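Please read the structure below before turning to the comments.
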Amino acid sequence: MKIGIVCYPTFGGSGVVATELGIELSNKGHEVHFITYSQPVRLEALTSNLYFHEVTVPEYPLFKYEPYELALSSKLYDVISKHKLDLLHVHYAIPHAYAGYMAKQILKDNGYNIPIITTLHGTDITLVGNHPFYKPAVTFSINNSDIVTCVSESLKEDTIDFFNIKREINVIPNFIDIKKYDEKHKNCKKNIISKGDEKIIVHISNFRPLKRVIDVLKVFQIINKEINSKLIMVGDGPDKNKAKEYMKKNNLKSNVIFLGNTSQIDEILCSSDLFLLPSEKESFGLSALEAMALKVPVISTNIGGLKEFNIDDNFGYTSDVGDIKKMAKDSIKILSDSKLQQKFRDNALENAKKFDINNIIPLYEDIYLSLIHISEPTRPERIGDGGVCVKKK
């Protein structure tokens, strides 16, 4: 199959999942074309069947803001027609599903029918997409996709509650490649980031308000009074400066490290003793899944997709949003009991295996094949001369 993938190319969960999906599909022999404004951060190498097409927005003095949706739609038209793609998979509703629909209509006027699958990831529905300004466009884009998927039952429920959805929504969870973690377990060196008996606690997020990074620091404060520990804060975003100010005011500077965005997440997690995720919204919780795969016990809130992980008393504990005292108490319980910690480490890996990429990718392939099978009998001769495939355009 020839598959187009549209995603954000950043460290966010939707971009990471979309990129890993495309890479694995290319490894299985499919031809995959990424179409976005910069090369995805997880896309380290391009191959004979893995391509990247850059979306550029020409400057024009008439526009106050650059019209990315228009540029993306035009680029999709160009790539799809030139490379004769079989389907388009867009990740994140805004603006990708809307741009995909526009490209589909332009192509249809030229006698080319391409099916579109839209995957919803979280805040594109629960936060941004639910804003009255965007809601009509998001609803329209979802309802005019050929197939809609989302990453958790919780997100499916939210989408149905928030929007007037006429399409069936298929739940296909996020995934990880368990094989990639085998060597990490063997070669992990904890003493790189810890000293002596120091316990390492990690938080990874985009530092948006809904991630409640101040709660992370408050929980750590309580833990650190009883257990010699260090907090590693990984990521970047609007609340990072607020978190740093809290750290300084509360004399935590010697115990807290802000790393920013990094490609060394696996190395950090495998050296850790506990993962903290006190979010008030979490449609899936990819960072928690990555922690599980590296045998790290999890302390999280009991909301959204996190409820579907079966965390409580299995490989960690959950709490209500904002219940800092319980999160700290549960953290101390795990960190002070080596047998309990080992039990949770083993259970975390076993739970992560349920989300192995080999279990999830076939679900997408089945959907792709069903779309192509439906489309092929009525698809006219494809337009374009095929062109020459390029690694970056």
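Letters A, B, ... mark the chains of the structure tokens in the order given; residue numbers begin at 1 per chain; ligand numbers begin at 1, in order shown.
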Report the closest atom pair, with its distance in Å rounded to one decimal, for each residue of region 129-173 of chain A that has an atom no farther than 8 Å from region 302-305 of chain A; count only C-alpha atoms, sort by chain and then rising residue number, and write it as a tab-separated table.
residue	atom	partner	partner_atom	distance
A:Ser152	CA	A:Gly305	CA	5.7
A:Glu153	CA	A:Gly305	CA	7.1
A:Ser154	CA	A:Gly304	CA	5.2
A:Leu155	CA	A:Gly304	CA	7.1
Find the residues near Ala93 (chain A): any atom within 12 Å, counting only C-alpha atoms, skip ones fewer than 6 places away on the same chain, and give them as a PyMOL selection string. chain A and resi 6-8+14+69+99-101+117-130+134-145+148-150+159
Take the residues from that selection and write them out as a compact mmCIF listing (two decimals), in the first residue's frame, keeping N, CA and C atoms.
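The file below, again_28.txt, is the result:
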# COMPACT_ATOMS: atom_id res chain seq x y z
N VAL A 6 -0.29 12.39 7.88
CA VAL A 6 -0.21 13.80 8.27
C VAL A 6 -0.23 13.87 9.79
N CYS A 7 0.75 14.57 10.36
CA CYS A 7 0.84 14.65 11.82
C CYS A 7 1.62 15.89 12.22
N TYR A 8 1.60 16.21 13.50
CA TYR A 8 2.51 17.21 14.02
C TYR A 8 3.87 16.55 14.18
N SER A 14 0.77 12.50 19.87
CA SER A 14 0.18 12.19 18.57
C SER A 14 1.24 12.11 17.49
N GLU A 69 -3.46 25.70 6.86
CA GLU A 69 -4.42 24.72 6.36
C GLU A 69 -4.49 24.73 4.84
N ALA A 99 -7.95 19.87 6.64
CA ALA A 99 -7.12 20.01 5.44
C ALA A 99 -7.23 18.77 4.56
N GLY A 100 -7.30 17.59 5.19
CA GLY A 100 -7.44 16.36 4.44
C GLY A 100 -8.74 16.32 3.65
N TYR A 101 -9.82 16.79 4.28
CA TYR A 101 -11.11 16.83 3.59
C TYR A 101 -11.05 17.76 2.37
N ILE A 117 -8.59 8.30 6.70
CA ILE A 117 -8.79 7.82 8.06
C ILE A 117 -8.30 8.91 9.00
N THR A 118 -9.12 9.29 9.97
CA THR A 118 -8.76 10.32 10.95
C THR A 118 -8.59 9.66 12.32
N THR A 119 -7.44 9.90 12.95
CA THR A 119 -7.21 9.40 14.30
C THR A 119 -7.22 10.56 15.28
N LEU A 120 -8.08 10.46 16.28
CA LEU A 120 -8.19 11.47 17.34
C LEU A 120 -7.30 11.07 18.49
N HIS A 121 -6.58 12.03 19.05
CA HIS A 121 -5.57 11.69 20.06
C HIS A 121 -5.86 12.25 21.45
N GLY A 122 -6.67 13.29 21.56
CA GLY A 122 -6.89 13.79 22.93
C GLY A 122 -7.34 15.22 22.97
N THR A 123 -6.40 16.14 23.22
CA THR A 123 -6.77 17.54 23.39
C THR A 123 -7.30 18.15 22.10
N ASP A 124 -7.05 17.51 20.96
CA ASP A 124 -7.69 17.98 19.73
C ASP A 124 -9.21 17.86 19.83
N ILE A 125 -9.68 17.04 20.76
CA ILE A 125 -11.11 16.85 20.98
C ILE A 125 -11.55 17.50 22.30
N THR A 126 -10.87 17.15 23.38
CA THR A 126 -11.33 17.55 24.72
C THR A 126 -11.03 19.00 25.07
N LEU A 127 -10.07 19.62 24.40
CA LEU A 127 -9.69 20.99 24.75
C LEU A 127 -9.85 21.94 23.57
N VAL A 128 -9.01 21.80 22.56
CA VAL A 128 -9.03 22.73 21.42
C VAL A 128 -10.29 22.52 20.58
N GLY A 129 -10.55 21.28 20.20
CA GLY A 129 -11.66 21.00 19.30
C GLY A 129 -13.02 21.31 19.88
N ASN A 130 -13.11 21.33 21.22
CA ASN A 130 -14.40 21.60 21.86
C ASN A 130 -14.66 23.09 22.02
N TYR A 134 -13.93 26.41 17.04
CA TYR A 134 -13.47 25.33 16.18
C TYR A 134 -14.47 24.17 16.05
N LYS A 135 -15.39 24.10 16.98
CA LYS A 135 -16.26 22.92 17.08
C LYS A 135 -17.00 22.56 15.79
N PRO A 136 -17.61 23.51 15.09
CA PRO A 136 -18.31 23.14 13.85
C PRO A 136 -17.39 22.51 12.80
N ALA A 137 -16.18 23.08 12.65
CA ALA A 137 -15.24 22.55 11.66
C ALA A 137 -14.75 21.16 12.05
N VAL A 138 -14.51 20.96 13.35
CA VAL A 138 -14.04 19.65 13.82
C VAL A 138 -15.13 18.61 13.62
N THR A 139 -16.37 18.96 13.98
CA THR A 139 -17.49 18.03 13.79
C THR A 139 -17.64 17.64 12.33
N PHE A 140 -17.59 18.63 11.46
CA PHE A 140 -17.71 18.39 10.03
C PHE A 140 -16.60 17.48 9.53
N SER A 141 -15.36 17.75 9.95
CA SER A 141 -14.21 16.97 9.48
C SER A 141 -14.29 15.52 9.92
N ILE A 142 -14.71 15.30 11.17
CA ILE A 142 -14.84 13.93 11.67
C ILE A 142 -15.93 13.18 10.90
N ASN A 143 -17.07 13.83 10.74
CA ASN A 143 -18.19 13.17 10.07
C ASN A 143 -17.93 12.91 8.59
N ASN A 144 -16.99 13.64 8.01
CA ASN A 144 -16.69 13.45 6.59
C ASN A 144 -15.42 12.65 6.35
N SER A 145 -14.87 12.06 7.41
CA SER A 145 -13.77 11.10 7.24
C SER A 145 -14.38 9.75 6.87
N VAL A 148 -12.99 6.77 11.33
CA VAL A 148 -12.48 7.53 12.47
C VAL A 148 -12.01 6.55 13.54
N THR A 149 -10.81 6.78 14.06
CA THR A 149 -10.31 5.99 15.18
C THR A 149 -9.91 6.94 16.30
N CYS A 150 -9.85 6.41 17.51
CA CYS A 150 -9.31 7.17 18.64
C CYS A 150 -8.54 6.22 19.54
N THR A 159 -15.66 12.18 22.74
CA THR A 159 -15.97 12.65 21.38
C THR A 159 -17.46 12.57 21.10
For region 334-337 of chain A, work out the shell of residues within 10 Å, counting only C-alpha atoms and skipping chain neighbours fewer than 3 positions away, then give it as a PyMOL selection string. chain A and resi 199-201+223+226-227+229+273-274+297-299+315-317+329-331+340-344
Dump N, CA and C atoms for the selected residues as an mmCIF file, in the first residue's frame?
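Writing the result to again-v6.cif gives the following:
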data_model
loop_
_atom_site.group_PDB
_atom_site.id
_atom_site.type_symbol
_atom_site.label_atom_id
_atom_site.label_comp_id
_atom_site.auth_asym_id
_atom_site.auth_seq_id
_atom_site.Cartn_x
_atom_site.Cartn_y
_atom_site.Cartn_z
ATOM 1 N N LYS A 199 16.741 8.028 45.189
ATOM 2 C CA LYS A 199 15.669 7.514 44.348
ATOM 3 C C LYS A 199 15.377 8.529 43.241
ATOM 4 N N ILE A 200 15.153 8.031 42.041
ATOM 5 C CA ILE A 200 14.913 8.899 40.895
ATOM 6 C C ILE A 200 13.431 8.870 40.521
ATOM 7 N N ILE A 201 12.819 10.058 40.539
ATOM 8 C CA ILE A 201 11.409 10.219 40.186
ATOM 9 C C ILE A 201 11.339 11.058 38.914
ATOM 10 N N ILE A 223 7.625 13.697 49.307
ATOM 11 C CA ILE A 223 8.454 12.492 49.194
ATOM 12 C C ILE A 223 9.859 12.760 49.698
ATOM 13 N N GLU A 226 11.020 12.508 53.329
ATOM 14 C CA GLU A 226 11.178 11.184 53.942
ATOM 15 C C GLU A 226 12.188 10.299 53.225
ATOM 16 N N ILE A 227 12.366 10.523 51.931
ATOM 17 C CA ILE A 227 13.227 9.653 51.127
ATOM 18 C C ILE A 227 14.206 10.504 50.323
ATOM 19 N N SER A 229 15.857 11.702 47.428
ATOM 20 C CA SER A 229 15.380 11.522 46.056
ATOM 21 C C SER A 229 15.699 12.728 45.183
ATOM 22 N N ASP A 273 13.007 5.220 39.422
ATOM 23 C CA ASP A 273 12.319 4.392 40.416
ATOM 24 C C ASP A 273 10.819 4.621 40.438
ATOM 25 N N LEU A 274 10.369 5.748 39.882
ATOM 26 C CA LEU A 274 8.948 6.077 39.946
ATOM 27 C C LEU A 274 8.611 7.106 38.869
ATOM 28 N N PRO A 297 7.308 1.814 38.121
ATOM 29 C CA PRO A 297 5.994 1.954 38.746
ATOM 30 C C PRO A 297 5.409 3.345 38.483
ATOM 31 N N VAL A 298 4.083 3.427 38.423
ATOM 32 C CA VAL A 298 3.407 4.664 38.018
ATOM 33 C C VAL A 298 2.488 5.174 39.126
ATOM 34 N N ILE A 299 2.589 6.471 39.393
ATOM 35 C CA ILE A 299 1.628 7.176 40.238
ATOM 36 C C ILE A 299 0.911 8.167 39.339
ATOM 37 N N PHE A 315 0.695 -2.062 39.117
ATOM 38 C CA PHE A 315 2.071 -1.585 38.944
ATOM 39 C C PHE A 315 2.189 -0.135 39.396
ATOM 40 N N GLY A 316 1.275 0.269 40.279
ATOM 41 C CA GLY A 316 1.296 1.611 40.834
ATOM 42 C C GLY A 316 -0.022 1.935 41.501
ATOM 43 N N TYR A 317 -0.279 3.224 41.678
ATOM 44 C CA TYR A 317 -1.515 3.658 42.327
ATOM 45 C C TYR A 317 -2.075 4.887 41.619
ATOM 46 N N LYS A 329 1.831 9.812 49.536
ATOM 47 C CA LYS A 329 1.791 8.642 50.422
ATOM 48 C C LYS A 329 2.011 7.353 49.642
ATOM 49 N N ASP A 330 1.344 7.221 48.487
ATOM 50 C CA ASP A 330 1.505 6.027 47.655
ATOM 51 C C ASP A 330 2.925 5.932 47.094
ATOM 52 N N SER A 331 3.495 7.065 46.751
ATOM 53 C CA SER A 331 4.865 7.085 46.235
ATOM 54 C C SER A 331 5.848 6.595 47.285
ATOM 55 N N LEU A 340 7.809 -4.647 47.095
ATOM 56 C CA LEU A 340 6.648 -4.099 46.395
ATOM 57 C C LEU A 340 7.091 -3.425 45.102
ATOM 58 N N GLN A 341 8.201 -2.705 45.153
ATOM 59 C CA GLN A 341 8.696 -2.039 43.959
ATOM 60 C C GLN A 341 9.057 -3.041 42.863
ATOM 61 N N GLN A 342 9.683 -4.145 43.250
ATOM 62 C CA GLN A 342 10.048 -5.161 42.256
ATOM 63 C C GLN A 342 8.804 -5.814 41.658
ATOM 64 N N LYS A 343 7.818 -6.056 42.506
ATOM 65 C CA LYS A 343 6.553 -6.620 42.014
ATOM 66 C C LYS A 343 5.914 -5.681 40.991
ATOM 67 N N PHE A 344 5.879 -4.404 41.321
ATOM 68 C CA PHE A 344 5.285 -3.430 40.411
ATOM 69 C C PHE A 344 6.107 -3.290 39.129
#
Taking the chain letters and numbering used in this document, name the residues of region 76-276 of chain A that DSSP puts in helix (DSSP H, G or I), as a ChimeraX atom specification. /A:76-83,93-109,123-126,135-143,153-162,179-187,190-192,209-211,213-226,240-249,265-270
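If you count only C-alpha atoms and ignore residues fewer than 6 places along the chain from region 258-265 of chain A, what sits within 10 Å of it is Thr10, Phe11, Val41, Arg42, His203, Ile204, Ser205, Asn206, Phe207, Leu231, Ile232, Met233, Val234, Gly235, Asp236, Gly237, Lys240, Ala243, Lys244, Ser287, Glu290 and Ala291 of chain A.
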If you count only C-alpha atoms, which residues fall within 9 Å of Glu31 (chain A), apart from same-chain ones fewer than 5 positions away, as a short mmCIF file (atom, residue, chain, number, x, y, z; two decimals) with C-alpha atoms, in the first residue's frame?
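Result file result-v6.cif:
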data_model
loop_
_atom_site.label_atom_id
_atom_site.label_comp_id
_atom_site.auth_asym_id
_atom_site.auth_seq_id
_atom_site.Cartn_x
_atom_site.Cartn_y
_atom_site.Cartn_z
CA MET A 1 0.00 0.00 0.00
CA LYS A 2 0.98 3.63 -0.54
CA ILE A 3 0.05 5.55 2.59
CA GLY A 4 0.15 9.27 3.34
CA GLY A 22 4.73 5.07 9.66
CA LEU A 25 4.50 0.23 8.17
CA SER A 26 7.52 0.97 5.98
CA SER A 48 13.56 3.71 -0.26
CA ASN A 49 9.93 3.44 0.90
CA LEU A 50 9.84 6.09 3.66
CA TYR A 51 9.48 9.71 2.51
CA LEU A 85 -1.26 7.23 -2.80
#
DSSP says strand (DSSP E or B) for which residues of region 74-322 of chain A? Put them as a ChimeraX atom specification? /A:87-91,116-120,147-150,169-171,176,199-204,229-234,256-260,274-277,298-301,312,316-319
Close residues, Lys225 (chain A) itself excluded, 12 Å, only C-alpha atoms, min 2 positions apart in chain, as a list in words: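 Non-adjacent residues within range: Lys218, Val219, Phe220, Gln221, Ile222, Ile223, Ile227, Asn228, Ser229, Lys230, Leu252, Asn255, Ala328, Lys329 and Ile332 of chain A.
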To one decimal place, how far is CA of Asn358 (chain A) from CA of Glu54 (chain A) in Å?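 Pair CA of Asn358 (chain A) / CA of Glu54 (chain A) returns 29.2 Å.
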Between CA of Ile357 (chain A) and CA of Asp177 (chain A) - distance in Å to one decimal: 5.1 Å
Compare A:Arg345, A:Lys253, A:Arg208, A:His373 by their minimum atom-to-atom distance to Pro115 (chain A), counting only C-alpha atoms, and give me the closest one.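 Answer, going by the shortest atom-to-atom distance: A:His373.
Nearest to Ile80 (chain A) of all the residues A:Ile35, A:Ile165, A:Val16, A:Ala45 is A:Ile35, based on only C-alpha atoms.
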A:His131, A:Asn310, A:Leu289, A:Asp182: which is nearest Phe163 (chain A), counting only C-alpha atoms?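 Among the listed residues, A:His131 lies closest to Phe163 (chain A).
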For CA of Thr301 (chain A) and CA of Arg212 (chain A), determine how far apart the two atoms are, in Å to one decimal place.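 So the two atoms, CA of Thr301 (chain A) and CA of Arg212 (chain A), lie 10.7 Å apart.
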